[in-house]
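*Asks:* Contents are mmCIF, C-alpha atoms; file name model-v3.cif:
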data_structure
loop_
_atom_site.label_atom_id
_atom_site.label_comp_id
_atom_site.auth_asym_id
_atom_site.auth_seq_id
_atom_site.Cartn_x
_atom_site.Cartn_y
_atom_site.Cartn_z
CA MET S 21 4.05 8.89 -10.11
CA ALA S 22 2.64 11.73 -8.01
CA VAL S 23 1.45 14.81 -9.93
CA ALA S 24 1.11 18.09 -8.04
CA ALA S 25 -1.36 19.91 -10.28
CA PRO S 26 -3.91 18.62 -10.83
CA ARG S 27 -3.23 16.45 -7.81
CA CYS S 28 -3.26 12.79 -8.77
CA THR S 29 -1.10 9.67 -9.06
CA LEU S 30 -0.51 8.18 -12.52
CA HIS S 31 1.59 5.64 -14.37
CA SER S 32 4.76 7.43 -15.48
CA ALA S 33 3.90 6.99 -19.16
CA ALA S 34 0.53 8.71 -18.71
CA VAL S 35 1.78 11.81 -16.88
CA GLU S 36 2.91 14.01 -19.78
CA PRO S 37 -0.04 13.12 -22.03
CA PHE S 38 -2.45 13.90 -19.21
CA LEU S 39 -0.78 17.22 -18.39
CA ALA S 40 -0.96 18.12 -22.09
CA LEU S 41 -4.69 17.32 -22.02
CA CYS S 42 -5.09 19.53 -18.94
CA ARG S 43 -3.32 22.41 -20.65
CA ALA S 44 -5.52 22.07 -23.71
CA ALA S 45 -8.61 22.00 -21.52
CA GLY S 46 -7.38 25.15 -19.79
CA HIS S 47 -6.98 26.96 -23.12
CA ALA S 48 -10.58 25.99 -23.89
CA GLY S 49 -11.78 27.52 -20.63
CA PHE S 50 -11.97 24.43 -18.40
CA ASP S 51 -10.15 23.57 -15.20
CA LEU S 52 -9.60 19.82 -15.43
CA GLN S 53 -9.52 18.39 -11.90
CA VAL S 54 -9.07 14.78 -10.82
CA VAL S 55 -11.51 13.20 -8.38
CA SER S 56 -9.82 9.80 -8.45
CA SER S 57 -6.69 8.35 -10.05
CA PHE S 58 -4.54 5.44 -8.86
CA ARG S 59 -6.15 3.33 -6.14
CA ASP S 60 -4.42 0.35 -4.59
CA PHE S 61 -6.08 -2.95 -3.72
CA ALA S 62 -6.62 -2.07 -0.06
CA GLN S 63 -8.46 1.15 -0.88
CA GLN S 64 -10.62 -0.53 -3.51
CA CYS S 65 -11.40 -3.30 -1.04
CA ARG S 66 -12.52 -0.79 1.59
CA ILE S 67 -14.84 0.89 -0.92
CA TRP S 68 -16.30 -2.44 -2.07
CA ASN S 69 -16.83 -3.81 1.45
CA ALA S 70 -18.45 -0.62 2.71
CA LYS S 71 -20.92 -0.68 -0.18
CA TYR S 72 -21.58 -4.39 0.25
CA ARG S 73 -22.44 -3.80 3.91
CA GLY S 74 -24.63 -0.80 3.11
CA GLU S 75 -22.26 1.65 4.79
CA ARG S 76 -21.87 3.71 1.60
CA PRO S 77 -24.57 4.75 -0.91
CA VAL S 78 -25.37 2.21 -3.62
CA LEU S 79 -27.27 2.92 -6.85
CA ASP S 80 -29.19 0.58 -9.12
CA ARG S 81 -28.53 0.40 -12.87
CA ARG S 82 -30.79 3.44 -13.43
CA GLY S 83 -28.90 5.51 -10.87
CA ARG S 84 -31.52 5.28 -8.14
CA PRO S 85 -30.58 4.74 -4.46
CA LEU S 86 -30.89 1.15 -3.33
CA ASP S 87 -30.86 -0.64 0.03
CA VAL S 88 -28.41 -3.50 -0.52
CA ALA S 89 -29.44 -5.13 2.76
CA THR S 90 -32.59 -6.31 0.97
CA LEU S 91 -30.61 -8.14 -1.73
CA ALA S 92 -29.40 -11.73 -1.80
CA PRO S 93 -25.59 -12.14 -2.14
CA ARG S 94 -25.63 -12.77 -5.91
CA ARG S 95 -27.86 -9.77 -6.62
CA ARG S 96 -25.82 -7.64 -4.24
CA VAL S 97 -22.57 -8.43 -6.06
CA GLU S 98 -24.18 -7.74 -9.46
CA THR S 99 -25.56 -4.42 -8.24
CA LEU S 100 -22.21 -3.24 -6.89
CA LEU S 101 -20.44 -4.17 -10.12
CA CYS S 102 -22.57 -1.74 -12.12
CA TRP S 103 -20.74 1.21 -10.55
CA SER S 104 -17.82 -0.17 -8.51
CA ALA S 105 -14.93 -2.27 -9.74
CA LEU S 106 -14.13 -5.56 -8.13
CA PRO S 107 -10.97 -5.24 -6.01
CA GLY S 108 -8.12 -6.64 -8.08
CA ALA S 109 -9.90 -5.82 -11.35
CA SER S 110 -10.12 -2.03 -11.14
CA ARG S 111 -8.60 -0.02 -13.96
CA HIS S 112 -7.58 2.52 -11.34
CA HIS S 113 -5.01 -0.01 -10.12
CA TRP S 114 -2.99 0.53 -13.29
CA GLY S 115 -2.35 4.26 -12.92
CA THR S 116 -3.79 4.78 -16.39
CA ASP S 117 -7.30 5.90 -15.46
CA VAL S 118 -8.70 9.08 -13.92
CA ASP S 119 -12.14 10.43 -12.99
CA VAL S 120 -12.38 14.10 -13.92
CA VAL S 121 -14.58 17.14 -13.31
CA ASP S 122 -14.46 20.84 -14.16
CA GLY S 123 -12.86 22.80 -11.32
CA ARG S 124 -14.74 25.94 -12.35
CA VAL S 125 -17.97 24.24 -11.30
CA LEU S 126 -16.47 23.12 -7.99
CA ALA S 127 -15.39 26.71 -7.29
CA SER S 128 -19.07 27.67 -7.08
CA GLY S 129 -19.52 25.24 -4.20
CA TYR S 130 -20.88 22.32 -6.20
CA SER S 131 -20.11 18.83 -4.87
CA PRO S 132 -19.81 16.26 -7.70
CA ARG S 133 -21.66 12.94 -7.39
CA LEU S 134 -20.14 11.32 -10.48
CA GLU S 135 -23.47 10.42 -12.02
CA PRO S 136 -24.13 10.32 -15.80
CA ALA S 137 -26.75 13.08 -15.63
CA GLU S 138 -24.08 15.56 -14.53
CA TYR S 139 -22.32 15.10 -17.88
CA ARG S 140 -25.39 15.19 -20.11
CA ARG S 141 -26.99 18.26 -21.68
CA GLY S 142 -28.03 20.62 -18.93
CA GLY S 143 -25.70 19.05 -16.37
CA PRO S 144 -22.92 21.00 -14.63
CA PHE S 145 -20.18 19.11 -16.53
CA ALA S 146 -21.94 18.88 -19.90
CA ALA S 147 -19.66 21.42 -21.60
CA LEU S 148 -16.54 19.67 -20.34
CA SER S 149 -17.91 16.29 -21.43
CA ASP S 150 -18.58 17.57 -24.93
CA TRP S 151 -15.09 19.06 -25.21
CA LEU S 152 -13.46 15.87 -23.95
CA GLY S 153 -15.40 13.80 -26.46
CA ARG S 154 -13.88 15.85 -29.28
CA HIS S 155 -10.30 16.09 -27.98
CA LEU S 156 -9.43 13.11 -25.74
CA HIS S 157 -7.98 10.94 -28.48
CA ARG S 158 -5.40 13.58 -29.37
CA TYR S 159 -3.66 12.87 -26.07
CA GLY S 160 -3.95 9.07 -26.03
CA PHE S 161 -7.03 8.95 -23.77
CA TYR S 162 -10.48 7.52 -24.35
CA ARG S 163 -13.63 6.59 -22.41
CA PRO S 164 -13.80 2.85 -21.61
CA TYR S 165 -17.41 3.13 -20.39
CA PRO S 166 -19.15 5.49 -22.85
CA ARG S 167 -22.63 4.00 -22.38
CA SER S 168 -24.53 1.58 -20.18
CA GLY S 169 -24.75 -2.01 -21.33
CA THR S 170 -25.13 -5.40 -19.72
CA GLY S 171 -22.12 -4.72 -17.48
CA VAL S 172 -20.69 -1.48 -16.12
CA GLY S 173 -22.87 1.61 -16.27
CA ALA S 174 -21.90 4.66 -18.34
CA GLU S 175 -19.05 6.67 -16.80
CA PRO S 176 -18.47 9.82 -18.87
CA TRP S 177 -16.06 11.10 -16.19
CA HIS S 178 -13.74 8.09 -16.53
CA LEU S 179 -10.74 8.58 -18.83
CA SER S 180 -8.16 5.93 -19.68
CA TYR S 181 -4.68 6.21 -21.20
CA ALA S 182 -4.99 3.66 -24.00
CA PRO S 183 -1.34 2.78 -24.78
CA ILE S 184 -0.82 1.32 -21.29
CA ALA S 185 -4.37 0.29 -20.37
CA ARG S 186 -4.70 -1.90 -23.45
CA GLY S 187 -1.90 -4.20 -22.32
CA ALA S 188 -2.98 -4.14 -18.68
CA LEU S 189 -6.44 -5.34 -19.64
CA GLU S 190 -4.96 -8.25 -21.55
CA GLY S 191 -3.20 -9.28 -18.34
CA MET S 192 -6.46 -9.62 -16.39
CA THR S 193 -6.62 -13.42 -16.62
CA LEU S 194 -8.99 -15.60 -14.63
CA GLU S 195 -6.04 -17.11 -12.81
CA LEU S 196 -4.69 -13.73 -11.73
CA LEU S 197 -8.07 -12.45 -10.56
CA ALA S 198 -8.87 -15.62 -8.63
CA ALA S 199 -5.49 -15.56 -6.90
CA VAL S 200 -5.89 -11.92 -5.89
CA ILE S 201 -9.47 -12.29 -4.63
CA ARG S 202 -9.23 -15.58 -2.75
CA GLY S 203 -8.69 -15.01 0.98
CA ALA S 204 -8.27 -11.22 0.62
CA GLY S 205 -11.20 -10.29 2.85
CA ILE S 206 -13.54 -9.18 0.05
CA GLU S 207 -17.22 -9.27 1.01
CA GLY S 208 -19.17 -11.70 -1.18
CA GLU S 209 -16.03 -13.70 -1.99
CA ALA S 210 -17.80 -17.06 -2.40
CA GLU S 211 -20.33 -15.63 -4.86
CA ILE S 212 -17.63 -13.73 -6.74
CA LEU S 213 -15.38 -16.76 -7.18
CA ALA S 214 -18.31 -18.97 -8.21
CA ARG S 215 -19.21 -16.54 -11.01
CA LEU S 216 -15.77 -15.13 -11.79
CA PRO S 217 -15.70 -16.13 -15.51
CA THR S 218 -18.99 -14.29 -16.11
CA ILE S 219 -17.95 -11.32 -13.96
CA ARG S 220 -14.66 -11.02 -15.83
CA ARG S 221 -16.39 -11.13 -19.20
CA ARG S 222 -19.17 -8.65 -18.34
CA TYR S 223 -17.47 -6.22 -15.99
CA VAL S 224 -13.74 -6.36 -16.78
CA LEU S 225 -13.37 -7.18 -20.48
CA ALA S 226 -16.59 -5.62 -21.83
CA VAL S 227 -15.24 -2.11 -22.36
CA ALA S 228 -15.11 0.13 -25.40
CA SER S 229 -12.10 -0.27 -27.67
CA PRO S 230 -9.79 2.74 -27.98
CA PRO S 231 -10.22 4.68 -31.24
CA ARG S 232 -7.33 4.89 -33.67
CA MET S 233 -4.84 7.45 -32.39
CA ARG S 234 -1.92 8.91 -34.31
CA SER S 235 -0.66 11.71 -32.09
CA ARG S 236 2.71 11.53 -30.34
CA TRP S 237 0.91 11.39 -26.99
CA ALA S 238 -0.67 8.09 -28.01
CA ARG S 239 2.73 6.40 -28.19
CA ILE S 240 4.47 4.95 -25.14
CA GLN S 241 7.64 6.86 -24.36
CA PRO S 242 10.91 4.87 -24.34
CA GLY S 243 11.67 3.52 -20.87
CA ALA S 244 8.16 4.18 -19.59
CA GLY S 245 7.39 0.50 -19.26
CA THR S 246 3.93 -1.00 -19.12
CA ALA S 247 1.27 -1.45 -16.48
CA GLY S 248 2.97 -4.71 -15.64
CA GLY S 249 5.16 -2.49 -13.46
CA ALA S 250 2.10 -1.14 -11.68
CA ASP S 251 0.12 -3.04 -9.08
CA HIS S 252 -2.10 -5.46 -10.97
CA SER S 253 -3.84 -6.31 -7.72
CA SER S 254 -5.26 -2.78 -7.38
CA ARG S 255 -8.10 -1.10 -10.07
CA ARG S 256 -12.05 1.25 -11.52
#
Kindly transcribe the structure held in the file into structure tokens.
*Replies:*
Amino acid sequence: MAVAAPRCTLHSAAVEPFLALCRAAGHAGFDLQVVSSFRDFAQQCRIWNAKYRGERPVLDRRGRPLDVATLAPRRRVETLLCWSALPGASRHHWGTDVDVVDGRVLASGYSPRLEPAEYRRGGPFAALSDWLGRHLHRYGFYRPYPRSGTGVGAEPWHLSYAPIARGALEGMTLELLAAVIRGAGIEGEAEILARLPTIRRRYVLAVASPPRMRSRWARIQPGAGTAGGADHSSRR
């Protein structure tokens, strides 16, 4: 469902909770703006392929620029997965997840890079990050990537609507992912398919669990459906 302000596209069940979160952020002095929301498979594939070919910037696990042309296929795939979702496995395919920034900062001319340092103490989005950490759960949202681990790097800007995302994640079976990836024109396909069980475990399933939520926004509205109605072949 298209949302006019802030401009984004979300699963219908996530729209009202997200708008309520935006209003609360506004009352606290923030202007919650969306950098990325729903992305279909084709868009995610373009992002992945451009990074794989070195046509878009790529960072290592520590956030440092990296020349992917120097990496063997297996290492290249692993490096991309730290910050970019595999097409077909991105949470952004579900319409439940958004990447957010503070519009007040953008108004000063700042261009966000979506790097963890921007959301830490002293960073331009540190105040917003702190506020979100204390209030997200009241609206059914949480951070699936709160810290770096053996899989995806920390993404403090990435918010997920738990009531729908929980079920969508359960639907990310090996069979579904393999069927979506095979023959779809994804760079590194052979390496991806050869290591798909490990990739699924480390980069798709290894996310934080939503905290316990009791607010009305954390309950799916009647008739809203589940992410099964969204495009499972599109996602992070």
*Asks:* Given the choices S:Tyr159, S:Val172, S:Tyr165, S:Ser110, which gets closest to Leu39 of chain S if the distance is worked out from all atoms listed in the file?
*Replies:* S:Tyr159
*Asks:* For this structure, which residues satisfy the selection - the PyMOL selection byres ((chain S and resi 122-128) around 8) - when it is evaluated on the file as given? I want them as a PyMOL selection string.
*Replies:* chain S and resi 50-53+120-121+129-132+144-145+148
*Asks:* Rounded to one decimal, what separation in Å do you get between atom CA of Gln63 of chain S and atom CA of Gly208 of chain S?
*Replies:* 16.7 Å
*Asks:* So the first atom is atom CA of Val35 of chain S and the second is atom CA of Gly49 of chain S; what is the distance between them in Å, to one decimal place?
*Replies:*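 Between these atoms lies a distance of 21.1 Å.
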*Asks:* The PyMOL selection byres ((chain S and resi 211) around 10) on the file shown: which residues, as number ranges by chain?
*Replies:* S: 93-98, 207-210, 212-216
*Asks:* Around the point (-6.2, -0.3, -23.7) in the file's coordinates, collect all residues with an atom within 10 Å, using only C-alpha atoms, and return them as a PyMOL selection string.
*Replies:* chain S and resi 116+160-162+164+180-190+227-231
*Asks:* Which residues, named as in the file, does the PyMOL selection byres ((chain S and resi 25) around 12) pick out? Answer as a list in words.
*Replies:*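 Taken over the shown coordinates, the PyMOL selection byres ((chain S and resi 25) around 12) returns Ala22, Val23, Ala24, Pro26, Arg27, Cys28, Thr29, Leu30, Val35, Glu36, Phe38, Leu39, Ala40, Cys42, Arg43, Asp51, Leu52, Gln53, Val54 and Gly123 of chain S.
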*Asks:* Export C-alpha atoms of the chosen residues as a PDB file, keeping the file's coordinate frame?
*Replies:*
ATOM      1  CA  ALA S  22       2.640  11.730  -8.010  1.00  0.00           C
ATOM      2  CA  VAL S  23       1.450  14.810  -9.930  1.00  0.00           C
ATOM      3  CA  ALA S  24       1.110  18.090  -8.040  1.00  0.00           C
ATOM      4  CA  PRO S  26      -3.910  18.620 -10.830  1.00  0.00           C
ATOM      5  CA  ARG S  27      -3.230  16.450  -7.810  1.00  0.00           C
ATOM      6  CA  CYS S  28      -3.260  12.790  -8.770  1.00  0.00           C
ATOM      7  CA  THR S  29      -1.100   9.670  -9.060  1.00  0.00           C
ATOM      8  CA  LEU S  30      -0.510   8.180 -12.520  1.00  0.00           C
ATOM      9  CA  VAL S  35       1.780  11.810 -16.880  1.00  0.00           C
ATOM     10  CA  GLU S  36       2.910  14.010 -19.780  1.00  0.00           C
ATOM     11  CA  PHE S  38      -2.450  13.900 -19.210  1.00  0.00           C
ATOM     12  CA  LEU S  39      -0.780  17.220 -18.390  1.00  0.00           C
ATOM     13  CA  ALA S  40      -0.960  18.120 -22.090  1.00  0.00           C
ATOM     14  CA  CYS S  42      -5.090  19.530 -18.940  1.00  0.00           C
ATOM     15  CA  ARG S  43      -3.320  22.410 -20.650  1.00  0.00           C
ATOM     16  CA  ASP S  51     -10.150  23.570 -15.200  1.00  0.00           C
ATOM     17  CA  LEU S  52      -9.600  19.820 -15.430  1.00  0.00           C
ATOM     18  CA  GLN S  53      -9.520  18.390 -11.900  1.00  0.00           C
ATOM     19  CA  VAL S  54      -9.070  14.780 -10.820  1.00  0.00           C
ATOM     20  CA  GLY S 123     -12.860  22.800 -11.320  1.00  0.00           C
TER      21      GLY S 123
END
*Asks:* Check the smallest atom-to-atom distance from each of S:Arg221, S:His178, S:Arg82, S:Arg76 to Tyr139 of chain S using only C-alpha atoms, then report the winner.
*Replies:*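 Comparing S:Arg221, S:His178, S:Arg82, S:Arg76 against Tyr139 of chain S, the winner is S:His178.
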*Asks:* Let me make sure I understand: among S:Arg81, S:Arg202, S:Arg59, S:Arg133, which one has the smallest atom-to-atom distance to His31 of chain S if we use only C-alpha atoms?
*Replies:*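 The answer is S:Arg59, which sits nearest to His31 of chain S.
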*Asks:* Show me the residues close to (-16.4, -2.6, 1.6) - anything with an atom within 12 Å, counting all atoms listed in the file - and format the list as a ChimeraX atom specification.
*Replies:* /S:61-78,97,100,104-107,204-209
*Asks:* List the spatial neighbours of Met233 of chain S as a compact mmCIF listing (two decimals) with C-alpha atoms, keeping the file's coordinate frame - criterion: any atom at most 7 Å away, all atoms listed in the file, same-chain residues fewer than 4 positions off excluded.
*Replies:*
# COMPACT_ATOMS: atom_id res chain seq x y z
CA HIS S 157 -7.98 10.94 -28.48
CA ARG S 158 -5.40 13.58 -29.37
CA GLY S 160 -3.95 9.07 -26.03
CA ALA S 238 -0.67 8.09 -28.01
*Asks:* Point out the residue among S:Leu79, S:Ala174, S:Ala198, S:Leu41 with the least atom-to-atom distance to Arg220 of chain S, counting only C-alpha atoms.
*Replies:*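 Closest candidate: S:Ala198.
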*Asks:* Here is a test: counting all atoms listed in the file, which residue of S:Phe58, S:Leu225, S:His113, S:Pro176 is nearest to Trp151 of chain S?
*Replies:* S:Pro176
*Asks:* Complete segment 170-204 of chain S with N, CA and C atoms (output as an mmCIF file, keeping the file's coordinate frame).
*Replies:*
data_model
loop_
_atom_site.group_PDB
_atom_site.id
_atom_site.type_symbol
_atom_site.label_atom_id
_atom_site.label_comp_id
_atom_site.auth_asym_id
_atom_site.auth_seq_id
_atom_site.Cartn_x
_atom_site.Cartn_y
_atom_site.Cartn_z
ATOM 1 N N THR S 170 -24.766 -4.309 -20.614
ATOM 2 C CA THR S 170 -25.130 -5.400 -19.720
ATOM 3 C C THR S 170 -24.181 -5.484 -18.520
ATOM 4 N N GLY S 171 -23.099 -4.696 -18.561
ATOM 5 C CA GLY S 171 -22.120 -4.720 -17.480
ATOM 6 C C GLY S 171 -22.066 -3.402 -16.753
ATOM 7 N N VAL S 172 -20.911 -2.749 -16.830
ATOM 8 C CA VAL S 172 -20.690 -1.480 -16.120
ATOM 9 C C VAL S 172 -21.570 -0.376 -16.696
ATOM 10 N N GLY S 173 -22.076 0.479 -15.813
ATOM 11 C CA GLY S 173 -22.870 1.610 -16.270
ATOM 12 C C GLY S 173 -22.005 2.660 -16.938
ATOM 13 N N ALA S 174 -22.632 3.595 -17.653
ATOM 14 C CA ALA S 174 -21.900 4.660 -18.340
ATOM 15 C C ALA S 174 -21.139 5.517 -17.339
ATOM 16 N N GLU S 175 -19.875 5.826 -17.658
ATOM 17 C CA GLU S 175 -19.050 6.670 -16.800
ATOM 18 C C GLU S 175 -18.347 7.727 -17.654
ATOM 19 N N PRO S 176 -19.061 8.786 -18.017
ATOM 20 C CA PRO S 176 -18.470 9.820 -18.870
ATOM 21 C C PRO S 176 -17.311 10.561 -18.228
ATOM 22 N N TRP S 177 -17.160 10.445 -16.919
ATOM 23 C CA TRP S 177 -16.060 11.100 -16.190
ATOM 24 C C TRP S 177 -14.775 10.283 -16.209
ATOM 25 N N HIS S 178 -14.849 9.043 -16.643
ATOM 26 C CA HIS S 178 -13.740 8.090 -16.530
ATOM 27 C C HIS S 178 -12.912 8.081 -17.818
ATOM 28 N N LEU S 179 -11.654 8.509 -17.698
ATOM 29 C CA LEU S 179 -10.740 8.580 -18.830
ATOM 30 C C LEU S 179 -9.623 7.560 -18.646
ATOM 31 N N SER S 180 -9.184 6.968 -19.752
ATOM 32 C CA SER S 180 -8.160 5.930 -19.680
ATOM 33 C C SER S 180 -7.064 6.190 -20.712
ATOM 34 N N TYR S 181 -5.808 6.028 -20.292
ATOM 35 C CA TYR S 181 -4.680 6.210 -21.200
ATOM 36 C C TYR S 181 -4.470 4.901 -21.966
ATOM 37 N N ALA S 182 -4.893 4.884 -23.205
ATOM 38 C CA ALA S 182 -4.990 3.660 -24.000
ATOM 39 C C ALA S 182 -3.685 2.898 -24.197
ATOM 40 N N PRO S 183 -2.558 3.544 -24.480
ATOM 41 C CA PRO S 183 -1.340 2.780 -24.780
ATOM 42 C C PRO S 183 -0.914 1.828 -23.669
ATOM 43 N N ILE S 184 -1.178 2.184 -22.416
ATOM 44 C CA ILE S 184 -0.820 1.320 -21.290
ATOM 45 C C ILE S 184 -2.001 0.447 -20.876
ATOM 46 N N ALA S 185 -3.185 1.020 -20.837
ATOM 47 C CA ALA S 185 -4.370 0.290 -20.370
ATOM 48 C C ALA S 185 -4.682 -0.914 -21.246
ATOM 49 N N ARG S 186 -4.408 -0.799 -22.537
ATOM 50 C CA ARG S 186 -4.700 -1.900 -23.450
ATOM 51 C C ARG S 186 -3.965 -3.174 -23.028
ATOM 52 N N GLY S 187 -2.686 -3.042 -22.731
ATOM 53 C CA GLY S 187 -1.900 -4.200 -22.320
ATOM 54 C C GLY S 187 -2.268 -4.684 -20.933
ATOM 55 N N ALA S 188 -2.601 -3.749 -20.039
ATOM 56 C CA ALA S 188 -2.980 -4.140 -18.680
ATOM 57 C C ALA S 188 -4.256 -4.964 -18.695
ATOM 58 N N LEU S 189 -5.193 -4.591 -19.553
ATOM 59 C CA LEU S 189 -6.440 -5.340 -19.640
ATOM 60 C C LEU S 189 -6.190 -6.765 -20.111
ATOM 61 N N GLU S 190 -5.281 -6.913 -21.049
ATOM 62 C CA GLU S 190 -4.960 -8.250 -21.550
ATOM 63 C C GLU S 190 -4.378 -9.135 -20.445
ATOM 64 N N GLY S 191 -3.787 -8.523 -19.432
ATOM 65 C CA GLY S 191 -3.200 -9.280 -18.340
ATOM 66 C C GLY S 191 -4.189 -9.712 -17.271
ATOM 67 N N MET S 192 -5.449 -9.278 -17.390
ATOM 68 C CA MET S 192 -6.460 -9.620 -16.390
ATOM 69 C C MET S 192 -7.024 -11.025 -16.643
ATOM 70 N N THR S 193 -6.208 -12.032 -16.402
ATOM 71 C CA THR S 193 -6.620 -13.420 -16.620
ATOM 72 C C THR S 193 -7.465 -13.922 -15.451
ATOM 73 N N LEU S 194 -8.196 -14.991 -15.693
ATOM 74 C CA LEU S 194 -8.990 -15.600 -14.630
ATOM 75 C C LEU S 194 -8.093 -16.041 -13.477
ATOM 76 N N GLU S 195 -6.953 -16.607 -13.831
ATOM 77 C CA GLU S 195 -6.040 -17.110 -12.810
ATOM 78 C C GLU S 195 -5.541 -15.990 -11.912
ATOM 79 N N LEU S 196 -5.174 -14.862 -12.511
ATOM 80 C CA LEU S 196 -4.690 -13.730 -11.730
ATOM 81 C C LEU S 196 -5.784 -13.202 -10.807
ATOM 82 N N LEU S 197 -6.984 -13.002 -11.357
ATOM 83 C CA LEU S 197 -8.070 -12.450 -10.560
ATOM 84 C C LEU S 197 -8.437 -13.377 -9.398
ATOM 85 N N ALA S 198 -8.519 -14.664 -9.674
ATOM 86 C CA ALA S 198 -8.870 -15.620 -8.630
ATOM 87 C C ALA S 198 -7.830 -15.599 -7.510
ATOM 88 N N ALA S 199 -6.560 -15.552 -7.892
ATOM 89 C CA ALA S 199 -5.490 -15.560 -6.900
ATOM 90 C C ALA S 199 -5.524 -14.312 -6.027
ATOM 91 N N VAL S 200 -5.854 -13.178 -6.624
ATOM 92 C CA VAL S 200 -5.890 -11.920 -5.890
ATOM 93 C C VAL S 200 -7.100 -11.857 -4.946
ATOM 94 N N ILE S 201 -8.223 -12.388 -5.393
ATOM 95 C CA ILE S 201 -9.470 -12.290 -4.630
ATOM 96 C C ILE S 201 -9.538 -13.289 -3.482
ATOM 97 N N ARG S 202 -9.068 -14.510 -3.724
ATOM 98 C CA ARG S 202 -9.230 -15.580 -2.750
ATOM 99 C C ARG S 202 -8.507 -15.252 -1.430
ATOM 100 N N GLY S 203 -9.257 -15.235 -0.344
ATOM 101 C CA GLY S 203 -8.690 -15.010 0.980
ATOM 102 C C GLY S 203 -8.266 -13.581 1.269
ATOM 103 N N ALA S 204 -8.702 -12.616 0.445
ATOM 104 C CA ALA S 204 -8.270 -11.220 0.620
ATOM 105 C C ALA S 204 -9.227 -10.402 1.479
#
